[in-house]
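> entry34.csv is the file, holding CSV, C-alpha atoms and all ligand atoms:
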chain,number,residue,atom,x,y,z
A,12,MET,CA,70.7,56.6,194.4
A,13,THR,CA,71.1,56.4,190.7
A,14,LYS,CA,70.2,59.2,188.3
A,15,ARG,CA,66.6,59.0,187.0
A,16,ILE,CA,66.1,58.5,183.3
A,17,ARG,CA,62.8,58.9,181.5
A,18,ILE,CA,61.8,56.6,178.6
A,19,LYS,CA,58.4,57.6,177.3
A,20,ASP,CA,56.1,57.3,180.3
A,21,ARG,CA,58.4,55.1,182.4
A,22,TYR,CA,61.4,55.9,184.5
A,23,ILE,CA,64.6,54.0,185.1
A,24,GLY,CA,66.7,54.7,188.2
A,25,GLY,CA,66.4,57.3,190.9
A,26,GLY,CA,64.2,55.1,193.1
A,27,ALA,CA,61.7,54.3,190.3
A,28,ALA,CA,60.1,50.8,190.4
A,29,ILE,CA,62.4,48.3,188.8
A,30,THR,CA,61.2,47.6,185.2
A,31,ILE,CA,61.2,44.4,183.3
A,32,GLN,CA,62.5,44.4,179.7
A,33,SER,CA,62.5,41.9,176.9
A,34,MET,CA,63.5,41.9,173.3
A,35,THR,CA,61.6,40.8,170.2
A,36,ASN,CA,62.9,38.0,168.0
A,37,THR,CA,60.8,38.7,164.9
A,38,ARG,CA,62.2,40.5,161.9
A,39,THR,CA,61.7,44.1,162.9
A,40,GLU,CA,60.7,45.1,159.4
A,41,ASP,CA,57.9,42.5,159.5
A,42,VAL,CA,55.6,45.1,161.2
A,43,ASP,CA,52.6,42.7,161.7
A,44,ALA,CA,54.7,40.0,163.4
A,45,THR,CA,56.7,42.5,165.5
A,46,VAL,CA,53.6,44.3,166.7
A,47,ALA,CA,51.9,41.0,167.5
A,48,GLN,CA,54.8,39.9,169.6
A,49,ILE,CA,55.2,43.3,171.3
A,50,GLN,CA,51.4,43.2,172.2
A,51,ARG,CA,51.9,39.7,173.8
A,52,LEU,CA,54.9,41.1,175.7
A,53,GLU,CA,52.7,44.0,176.9
A,54,ARG,CA,50.0,41.7,178.1
A,55,ALA,CA,52.5,39.6,180.0
A,56,GLY,CA,53.6,42.7,181.9
A,57,CYS,CA,56.7,43.8,180.0
A,58,ASP,CA,57.6,47.4,180.8
A,59,ILE,CA,60.1,48.2,178.0
A,60,VAL,CA,60.6,46.3,174.7
A,61,ARG,CA,63.8,46.3,172.7
A,62,MET,CA,64.0,45.4,169.0
A,63,SER,CA,67.0,45.1,166.7
A,64,VAL,CA,67.2,47.8,164.1
A,65,ASN,CA,69.7,46.2,161.8
A,66,ASN,CA,68.8,47.7,158.4
A,67,ALA,CA,67.1,50.6,156.8
A,68,ASP,CA,63.7,48.7,156.5
A,69,ALA,CA,63.8,48.0,160.2
A,70,ALA,CA,64.4,51.7,161.0
A,71,GLU,CA,61.5,52.7,158.8
A,72,ALA,CA,59.3,50.1,160.4
A,73,VAL,CA,59.8,51.8,163.8
A,74,ARG,CA,57.2,54.4,162.9
A,75,SER,CA,54.4,51.9,162.2
A,76,ILE,CA,55.3,49.7,165.2
A,77,ARG,CA,55.4,52.8,167.5
A,78,ALA,CA,51.9,53.7,166.3
A,79,HIS,CA,50.4,50.3,167.3
A,80,VAL,CA,51.8,49.7,170.8
A,81,LYS,CA,51.9,51.6,174.0
A,82,VAL,CA,55.0,50.2,175.7
A,83,PRO,CA,58.3,52.2,175.4
A,84,LEU,CA,60.4,50.9,172.6
A,85,VAL,CA,64.2,50.6,172.3
A,86,ALA,CA,66.2,50.4,169.1
A,87,ASP,CA,69.2,48.1,169.3
A,88,ILE,CA,71.8,49.4,167.0
A,89,HIS,CA,75.3,48.4,166.0
A,90,PHE,CA,77.9,50.0,163.8
A,91,ASP,CA,75.6,52.3,161.7
A,92,HIS,CA,74.8,55.6,163.3
A,93,LYS,CA,72.4,56.4,160.5
A,94,LEU,CA,70.0,53.7,161.8
A,95,ALA,CA,70.0,55.4,165.2
A,96,LEU,CA,69.2,58.7,163.5
A,97,ALA,CA,66.4,57.1,161.5
A,98,SER,CA,65.0,55.3,164.5
A,99,ILE,CA,64.9,58.6,166.5
A,100,ARG,CA,63.2,60.3,163.6
A,101,ASN,CA,60.6,57.6,163.5
A,102,GLY,CA,59.7,57.9,167.1
A,103,ILE,CA,61.8,55.4,169.0
A,104,ASP,CA,61.9,56.0,172.8
A,105,LYS,CA,65.4,54.9,173.6
A,106,VAL,CA,68.5,53.8,171.7
A,107,ARG,CA,70.9,51.1,172.7
A,108,ILE,CA,74.2,51.8,171.0
A,109,ASN,CA,77.9,51.7,171.8
A,110,PRO,CA,79.5,55.0,170.7
A,111,SER,CA,82.8,53.3,170.1
A,112,ASN,CA,81.5,51.0,167.4
A,113,ILE,CA,79.4,53.5,165.3
A,114,GLY,CA,82.3,55.3,163.7
A,115,SER,CA,83.7,58.8,164.0
A,116,LEU,CA,83.2,61.3,166.9
A,117,ASN,CA,81.1,63.3,164.4
A,118,ALA,CA,78.8,60.3,164.1
A,119,VAL,CA,78.5,60.2,167.9
A,120,ARG,CA,77.8,63.9,168.0
A,121,GLU,CA,75.0,63.5,165.4
A,122,VAL,CA,73.3,60.8,167.4
A,123,VAL,CA,73.7,62.8,170.6
A,124,ALA,CA,72.1,65.9,169.0
A,125,ALA,CA,69.2,63.9,167.6
A,126,ALA,CA,68.7,62.1,170.9
A,127,LYS,CA,68.8,65.4,172.9
A,128,ASP,CA,66.3,67.0,170.6
A,129,ALA,CA,63.9,64.1,170.9
A,130,GLY,CA,64.4,63.5,174.6
A,131,VAL,CA,65.6,60.0,173.9
A,132,PRO,CA,68.0,58.3,176.3
A,133,ILE,CA,70.8,56.1,175.3
A,134,ARG,CA,71.8,52.8,176.8
A,135,VAL,CA,75.5,52.0,176.5
A,136,GLY,CA,75.4,48.2,176.4
A,137,VAL,CA,78.8,46.4,176.3
A,138,ASN,CA,79.1,42.7,176.2
A,139,GLY,CA,81.8,40.2,177.1
A,140,GLY,CA,82.3,39.4,173.5
A,141,SER,CA,83.0,42.9,172.3
A,142,LEU,CA,85.2,44.6,174.9
A,143,GLU,CA,87.4,47.5,174.0
A,144,LYS,CA,90.9,46.4,173.2
A,145,GLU,CA,92.3,49.0,175.6
A,146,SER,CA,90.2,47.6,178.5
A,147,ILE,CA,91.5,44.1,177.8
A,148,ALA,CA,95.1,45.3,177.5
A,149,LYS,CA,94.7,47.0,180.9
A,150,TYR,CA,92.7,44.4,182.9
A,151,GLY,CA,92.7,41.2,180.9
A,152,TYR,CA,89.4,39.5,180.3
A,153,THR,CA,87.9,40.4,183.7
A,154,ALA,CA,85.0,42.1,185.3
A,155,GLU,CA,87.2,45.2,185.6
A,156,ALA,CA,87.6,45.2,181.8
A,157,LEU,CA,83.9,44.9,181.3
A,158,ALA,CA,83.2,47.8,183.6
A,159,ASP,CA,86.0,49.8,182.1
A,160,SER,CA,84.8,49.2,178.6
A,161,ALA,CA,81.3,50.4,179.5
A,162,LEU,CA,82.7,53.6,181.2
A,163,ARG,CA,84.9,54.3,178.1
A,164,ASN,CA,81.7,54.3,176.0
A,165,VAL,CA,79.9,56.5,178.5
A,166,ALA,CA,82.8,58.9,178.4
A,167,LEU,CA,82.4,59.3,174.6
A,168,LEU,CA,78.8,60.3,175.1
A,169,GLU,CA,79.7,62.7,177.9
A,170,GLN,CA,82.4,64.3,175.8
A,171,ALA,CA,79.7,64.9,173.2
A,172,GLY,CA,77.7,66.6,175.9
A,173,PHE,CA,75.2,63.8,176.7
A,174,ASP,CA,74.3,62.4,180.1
A,175,ASP,CA,70.8,60.8,179.6
A,176,ILE,CA,72.4,57.4,179.9
A,177,VAL,CA,71.7,53.9,181.1
A,178,ILE,CA,74.5,51.4,181.3
A,179,SER,CA,74.7,47.6,180.9
A,180,ALA,CA,77.8,45.4,181.0
A,181,LYS,CA,76.9,41.8,180.4
A,182,CYS,CA,78.7,38.6,179.9
A,183,SER,CA,77.8,35.0,180.1
A,184,ASP,CA,80.0,34.2,183.2
A,185,VAL,CA,77.6,34.8,186.1
A,186,LYS,CA,80.3,35.8,188.6
A,187,MET,CA,82.2,38.1,186.3
A,188,ASN,CA,78.9,39.6,185.2
A,189,ALA,CA,77.9,40.4,188.8
A,190,ASP,CA,81.3,41.7,189.7
A,191,ALA,CA,81.3,44.1,186.7
A,192,TYR,CA,77.9,45.6,187.9
A,193,ARG,CA,79.3,46.0,191.4
A,194,ILE,CA,82.2,47.9,190.0
A,195,LEU,CA,79.9,50.1,187.9
A,196,SER,CA,77.6,50.7,190.8
A,197,ALA,CA,80.5,52.0,192.9
A,198,LYS,CA,81.9,54.2,190.1
A,199,THR,CA,78.9,55.8,188.4
A,200,GLU,CA,75.4,57.2,189.2
A,201,TYR,CA,73.9,56.3,185.9
A,202,PRO,CA,71.2,53.7,186.2
A,203,LEU,CA,72.1,50.1,185.5
A,204,HIS,CA,70.3,47.7,183.2
A,205,VAL,CA,71.1,44.3,184.7
A,206,GLY,CA,71.1,40.9,183.0
A,207,VAL,CA,73.2,37.9,182.2
A,208,THR,CA,73.7,37.6,178.5
A,209,GLU,CA,73.7,34.4,176.5
A,210,ALA,CA,72.3,32.6,179.5
A,211,GLY,CA,70.9,29.8,177.2
A,212,GLY,CA,67.5,28.2,177.5
A,213,GLY,CA,65.4,26.3,180.1
A,214,ASP,CA,66.2,25.8,183.7
A,215,LEU,CA,69.9,26.6,183.5
A,216,ALA,CA,69.2,30.0,181.9
A,217,LEU,CA,66.8,30.7,184.8
A,218,ALA,CA,69.3,29.6,187.4
A,219,LYS,CA,72.0,31.8,185.9
A,220,SER,CA,69.7,34.9,185.7
A,221,TYR,CA,68.2,34.3,189.2
A,222,ALA,CA,71.7,34.0,190.7
A,223,GLY,CA,73.3,36.7,188.6
A,224,ILE,CA,70.5,39.3,188.7
A,225,GLY,CA,69.0,38.3,192.0
A,226,SER,CA,72.3,38.7,194.0
A,227,LEU,CA,72.7,42.2,192.7
A,228,LEU,CA,69.0,43.2,193.3
A,229,LEU,CA,69.4,41.9,196.9
A,230,ASP,CA,72.2,44.4,197.4
A,231,GLY,CA,70.2,47.2,195.9
A,232,ILE,CA,72.0,47.2,192.5
A,233,GLY,CA,70.0,47.3,189.3
A,234,ASP,CA,67.3,49.7,188.0
A,235,THR,CA,65.9,47.6,185.2
A,236,ILE,CA,66.3,44.0,184.3
A,237,ARG,CA,66.2,41.5,181.5
A,238,VAL,CA,66.2,37.8,182.0
A,239,SER,CA,67.7,36.4,178.8
A,240,ILE,CA,66.2,33.1,177.7
A,241,THR,CA,66.5,31.6,174.3
A,242,GLY,CA,63.1,31.2,172.8
A,243,ASP,CA,59.7,33.0,173.3
A,244,PRO,CA,60.5,36.4,174.8
A,245,VAL,CA,57.3,36.3,176.8
A,246,GLU,CA,58.9,33.7,179.1
A,247,GLU,CA,61.5,36.3,179.9
A,248,VAL,CA,58.8,38.6,181.3
A,249,TYR,CA,57.3,35.9,183.5
A,250,ALA,CA,60.7,35.0,184.7
A,251,GLY,CA,61.5,38.6,185.5
A,252,ASP,CA,58.3,39.1,187.4
A,253,LEU,CA,59.0,36.0,189.5
A,254,LEU,CA,62.5,37.2,190.2
A,255,LEU,CA,61.3,40.6,191.4
A,256,LYS,CA,58.7,38.8,193.6
A,257,ALA,CA,61.3,36.3,194.9
A,258,VAL,CA,63.7,39.0,196.1
A,259,GLY,CA,60.9,41.0,197.7
A,260,ILE,CA,60.9,43.9,195.3
A,261,ARG,CA,57.4,43.2,194.0
A,262,ARG,CA,55.2,42.5,197.0
A,263,ASN,CA,51.7,43.0,195.7
A,264,PHE,CA,50.8,39.3,195.3
A,265,VAL,CA,49.8,36.3,197.3
A,266,ASN,CA,53.1,34.7,198.3
A,267,VAL,CA,52.4,31.0,198.9
A,268,VAL,CA,55.0,29.4,201.2
A,269,SER,CA,55.0,25.7,202.1
A,270,CYS,CA,57.1,23.4,204.2
A,271,PRO,CA,59.5,21.0,202.4
A,272,THR,CA,57.4,18.0,203.8
A,273,CYS,CA,58.9,15.1,205.8
A,274,ALA,CA,57.8,11.9,207.5
A,275,ARG,CA,55.4,14.0,209.7
A,276,THR,CA,53.4,15.3,206.7
A,277,GLU,CA,49.7,14.7,207.0
A,278,ILE,CA,48.3,16.6,204.0
A,279,PRO,CA,49.1,16.9,200.2
A,280,VAL,CA,51.3,20.1,200.7
A,281,ALA,CA,52.6,20.4,197.2
A,282,THR,CA,49.2,20.0,195.5
A,283,LEU,CA,47.5,22.4,197.9
A,284,ALA,CA,50.2,25.0,197.6
A,285,GLU,CA,50.1,24.9,193.8
A,286,ARG,CA,46.2,25.1,193.8
A,287,ILE,CA,46.3,28.1,196.0
A,288,ARG,CA,49.0,29.8,193.9
A,289,ARG,CA,46.9,29.3,190.8
A,290,GLU,CA,43.6,30.3,192.4
A,291,THR,CA,45.1,33.5,193.8
A,292,ALA,CA,47.3,34.5,190.9
A,293,GLY,CA,45.1,37.4,190.0
A,294,ILE,CA,45.0,38.9,193.6
A,295,GLU,CA,47.2,42.0,193.9
A,296,LYS,CA,47.5,42.1,197.6
A,297,PRO,CA,50.7,41.6,199.7
A,298,LEU,CA,49.6,38.4,201.5
A,299,THR,CA,51.5,35.4,202.7
A,300,VAL,CA,49.8,32.0,202.8
A,301,ALA,CA,51.6,29.1,204.6
A,302,VAL,CA,50.8,25.5,203.8
A,303,MET,CA,52.5,23.4,206.5
A,304,GLY,CA,52.3,19.6,206.6
A,305,CYS,CA,51.8,19.0,210.3
A,306,VAL,CA,50.7,20.7,213.5
A,307,VAL,CA,53.9,19.7,215.4
A,308,ASN,CA,56.0,22.3,213.6
A,309,GLY,CA,53.5,23.8,211.2
A,310,VAL,CA,51.6,26.1,213.7
A,311,GLY,CA,54.8,27.7,214.9
A,312,GLU,CA,56.5,27.9,211.6
A,313,GLY,CA,53.4,29.2,209.8
A,314,ALA,CA,52.9,31.9,212.4
A,315,HIS,CA,54.4,34.7,210.3
A,316,ALA,CA,51.8,34.2,207.5
A,317,ASP,CA,48.6,36.1,207.1
A,318,VAL,CA,46.7,32.8,206.4
A,319,GLY,CA,47.9,29.3,206.9
A,320,VAL,CA,47.1,25.6,207.4
A,321,ALA,CA,48.8,23.1,209.6
A,322,GLY,CA,47.9,19.6,208.6
A,323,GLY,CA,46.5,16.9,210.9
A,324,ARG,CA,45.6,13.3,210.3
A,325,GLU,CA,41.9,13.9,209.5
A,326,LYS,CA,41.4,17.5,210.5
A,327,SER,CA,43.7,20.5,210.0
A,328,ALA,CA,44.1,23.9,211.7
A,329,ILE,CA,43.4,27.0,209.7
A,330,MET,CA,45.4,30.0,211.0
A,331,LYS,CA,45.1,33.7,210.6
A,332,LYS,CA,48.1,35.9,211.7
A,333,GLY,CA,49.5,32.9,213.6
A,334,LYS,CA,46.3,32.1,215.6
A,335,VAL,CA,44.3,29.0,214.9
A,336,VAL,CA,40.8,30.2,214.0
A,337,LYS,CA,39.2,26.9,212.8
A,338,VAL,CA,39.8,23.2,212.7
A,339,VAL,CA,38.4,21.7,209.5
A,340,PRO,CA,38.2,18.2,207.8
A,341,ASN,CA,41.1,17.7,205.5
A,342,GLU,CA,38.9,17.6,202.4
A,343,ARG,CA,37.8,21.2,203.1
A,344,ILE,CA,41.3,22.7,203.5
A,345,LEU,CA,41.4,24.3,200.1
A,346,GLU,CA,38.0,26.1,200.2
A,347,GLU,CA,38.6,27.2,203.8
A,348,LEU,CA,42.0,28.6,203.0
A,349,LEU,CA,40.6,30.5,200.0
A,350,ARG,CA,37.8,31.8,202.1
A,351,ALA,CA,40.3,32.9,204.8
A,352,ILE,CA,42.3,34.6,202.1
A,353,GLU,CA,39.2,36.4,200.9
A,354,GLU,CA,38.4,37.6,204.4
A,355,VAL,CA,41.9,38.9,205.0
A,356,ASP,CA,41.5,40.6,201.6
A,357,HIS,CA,38.5,42.5,203.0
A,358,ASP,CA,39.9,43.2,206.5
B,401,LIG,S1,56.0,21.5,208.9
B,401,LIG,FE1,55.8,19.4,209.8
B,401,LIG,S2,55.5,18.2,207.9
B,401,LIG,FE2,56.3,20.1,207.2
B,401,LIG,S3,58.5,19.7,207.1
B,401,LIG,FE3,58.1,20.6,209.1
B,401,LIG,S4,57.9,18.9,210.5
B,401,LIG,FE4,57.7,18.1,208.4
Would it be possible to restate this file's structure as structure tokens?
Ligand code: SF4

Amino acid sequence: MTKRIRIKDRYIGGGAAITIQSMTNTRTEDVDATVAQIQRLERAGCDIVRMSVNNADAAEAVRSIRAHVKVPLVADIHFDHKLALASIRNGIDKVRINPSNIGSLNAVREVVAAAKDAGVPIRVGVNGGSLEKESIAKYGYTAEALADSALRNVALLEQAGFDDIVISAKCSDVKMNADAYRILSAKTEYPLHVGVTEAGGGDLALAKSYAGIGSLLLDGIGDTIRVSITGDPVEEVYAGDLLLKAVGIRRNFVNVVSCPTCARTEIPVATLAERIRRETAGIEKPLTVAVMGCVVNGVGEGAHADVGVAGGREKSAIMKKGKVVKVVPNERILEELLRAIEEVDHD
């Protein structure tokens, strides 16, 4: 079990629900635009929002932004520890910073003192593009180097007396990325922020993140996630939510399963499955609905579902908990399934 870290009213690690993070891509000092984007992210279900604090105006904007949104906010800072101090002073909830790139040990101590005072955790976030020279000298450009680099930064914080830490160690190579997290998971109890960096855009970005983050989550590794996609950050939140559902971590939804279809298929499986998915998108109940194209295999294969249909030529079997409860004309499948879902909902 990882250590539990508090960020405003959320927790990361220690068995807390896995949170979804994203990052704004507005100019942080443009308070109106940044607040508007954060509010969109909140509405989409984002649990924690990060923003770049890359200049003094951005650090000053933290105060106004903090006042307008509820979600915990993270300041992403490189090189200049004064920006971390200003962000903490202005009410930031967490700082992402690498102690090795903010200057002297005194600078690290100053940030640690301010973070401790304010109860602000720090994420050490190393990337494949900025590994410590010592780590590369020791391990080459490998997962071991990525993990080593993260732990060197963690050690700097620990030496300054700080342990309110979350770790990330991302790179754009999916396998190396996952291997680095496995090493970290074995070596440290700090919670892990998992993601694949520079994943790109579109379907390929999703595939990389689903493989890279999903494989770790299935093995119980990862306490908070970010699906990186170039473009509108709201898409990252939807993708993160789908990922958590797909790996069985979020179960409070109607999980529509459907057969792949084949020559035996008697009903429009894809259309029906999509309609049901849309019609039930707002239902927060752990239900499985099976849409199966034929009765030959469909009744048996849909038996695990709470509600299902097995398609016939003109009439289809509606099932509940694996038992056929009704046979209905094919044009009524959708309404009968929705009614059955409603009834299970009230059981
Ligand atoms: S359930 Fe029936 S229609 Fe669907 S793939 Fe299997 S055999 Fe084919």
> Write out as JSON, numbers by chain the residues lying within 7 Å of Pro297 in chain A, counting all atoms listed in the file and excluding same-chain residues fewer than 2 positions away.
{"A": [262, 263, 264, 265, 295, 299]}
> Counting all atoms listed in the file, write as a list of chain:residue names all protein and nucleic acid residues lying at most 9 Å from (64.6, 54.2, 160.4) in the file's frame.
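Residues found, by chain and rising number: A:Val64, A:Asn66, A:Ala67, A:Asp68, A:Ala69, A:Ala70, A:Glu71, A:Ala72, A:Val73, A:Arg74, A:Lys93, A:Leu94, A:Ala95, A:Leu96, A:Ala97, A:Ser98, A:Ile99, A:Arg100, A:Asn101.
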> I'd like the contact shell of range 331-345 of chain A - 12 Å cut-off, all atoms listed in the file, skipping same-chain residues fewer than 4 positions apart - returned as number ranges by chain.
A: 277-280, 282-291, 298-306, 309-327, 349-356, 358
> Record the distance separating CA of Ala55 in chain A and CA of Tyr249 in chain A, expressed in Å with one decimal.
7.0 Å
> In Å to one decimal, how far is CA of His89 in chain A from CA of Gly212 in chain A?
24.5 Å
> Emit as AutoDock Vina command-line options the padded axis-aligned box for all listed atoms of ligand LIG 401 (chain B), 6 Å per side, with centre and edge lengths in Å to one decimal.

--center_x 57.0 --center_y 19.8 --center_z 208.8 --size_x 15.0 --size_y 15.4 --size_z 15.4
> Taking only C-alpha atoms and all ligand atoms into account, which of A:Ser239, A:Ser269, A:Gln48, A:Thr13 comes nearest ligand LIG 401 (chain B)?
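Using only C-alpha atoms and all ligand atoms, ligand LIG 401 (chain B) sits closest to A:Ser269.
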> Might you pull out every residue within 12 Å of range 16-29 of chain A, with all atoms listed in the file counted and same-chain residues fewer than 2 positions away left off, and present them as number ranges by chain?
A: 12-14, 31-32, 57-60, 77, 81-85, 102-106, 126, 129-134, 174-178, 196, 200-205, 228, 231-237, 251-252, 254-256, 258-262
> So how many Å separate CA of Ser141 in chain A and CA of Thr45 in chain A, to one decimal?
27.2 Å
> Using all atoms listed in the file, which of the listed residues (A:Gly172, A:Gly223, A:Gly293, A:Pro271) sits closest to ligand LIG 401 (chain B)?
A:Pro271
> Find the residue from A:Ala44, A:Cys182, A:Met34, A:Ala156 that sits nearest to Arg107 in chain A; use all atoms listed in the file when measuring.
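Of A:Ala44, A:Cys182, A:Met34, A:Ala156, the one nearest Arg107 in chain A is A:Met34, counting all atoms listed in the file.
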> Leaving out Ala154 in chain A and any residue of its chain fewer than 4 positions from it, which residues lie within 12 Å of it when counting all atoms listed in the file, given as a ChimeraX atom specification?
/A:137-139,142,146-147,149-150,158-161,180-195
> Can you find the residues with an atom no farther than 12 Å from (80.2, 45.0, 162.7), counting only C-alpha atoms, and report them as number ranges by chain?
A: 65, 88-92, 109, 111-114, 141
> Between A:Lys144, A:Pro244, A:Ala328, A:Leu168, which has the minimum distance to Met62 in chain A (counting only C-alpha atoms)?
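Result for the nearest residue to Met62 in chain A: A:Pro244.
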> Looking at A:Glu143, A:Leu157, A:His79, A:Phe173, which one is nearest to Ala125 in chain A, with distances taken over only C-alpha atoms?
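For Ala125 in chain A, the nearest of the given residues is A:Phe173.
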> Return the single residue from A:Asp43, A:Asp87, A:Ala281, A:Asp243 that is closest to ligand LIG 401 (chain B), with distances computed using only C-alpha atoms and all ligand atoms.
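Closest to ligand LIG 401 (chain B), using only C-alpha atoms and all ligand atoms: A:Ala281.
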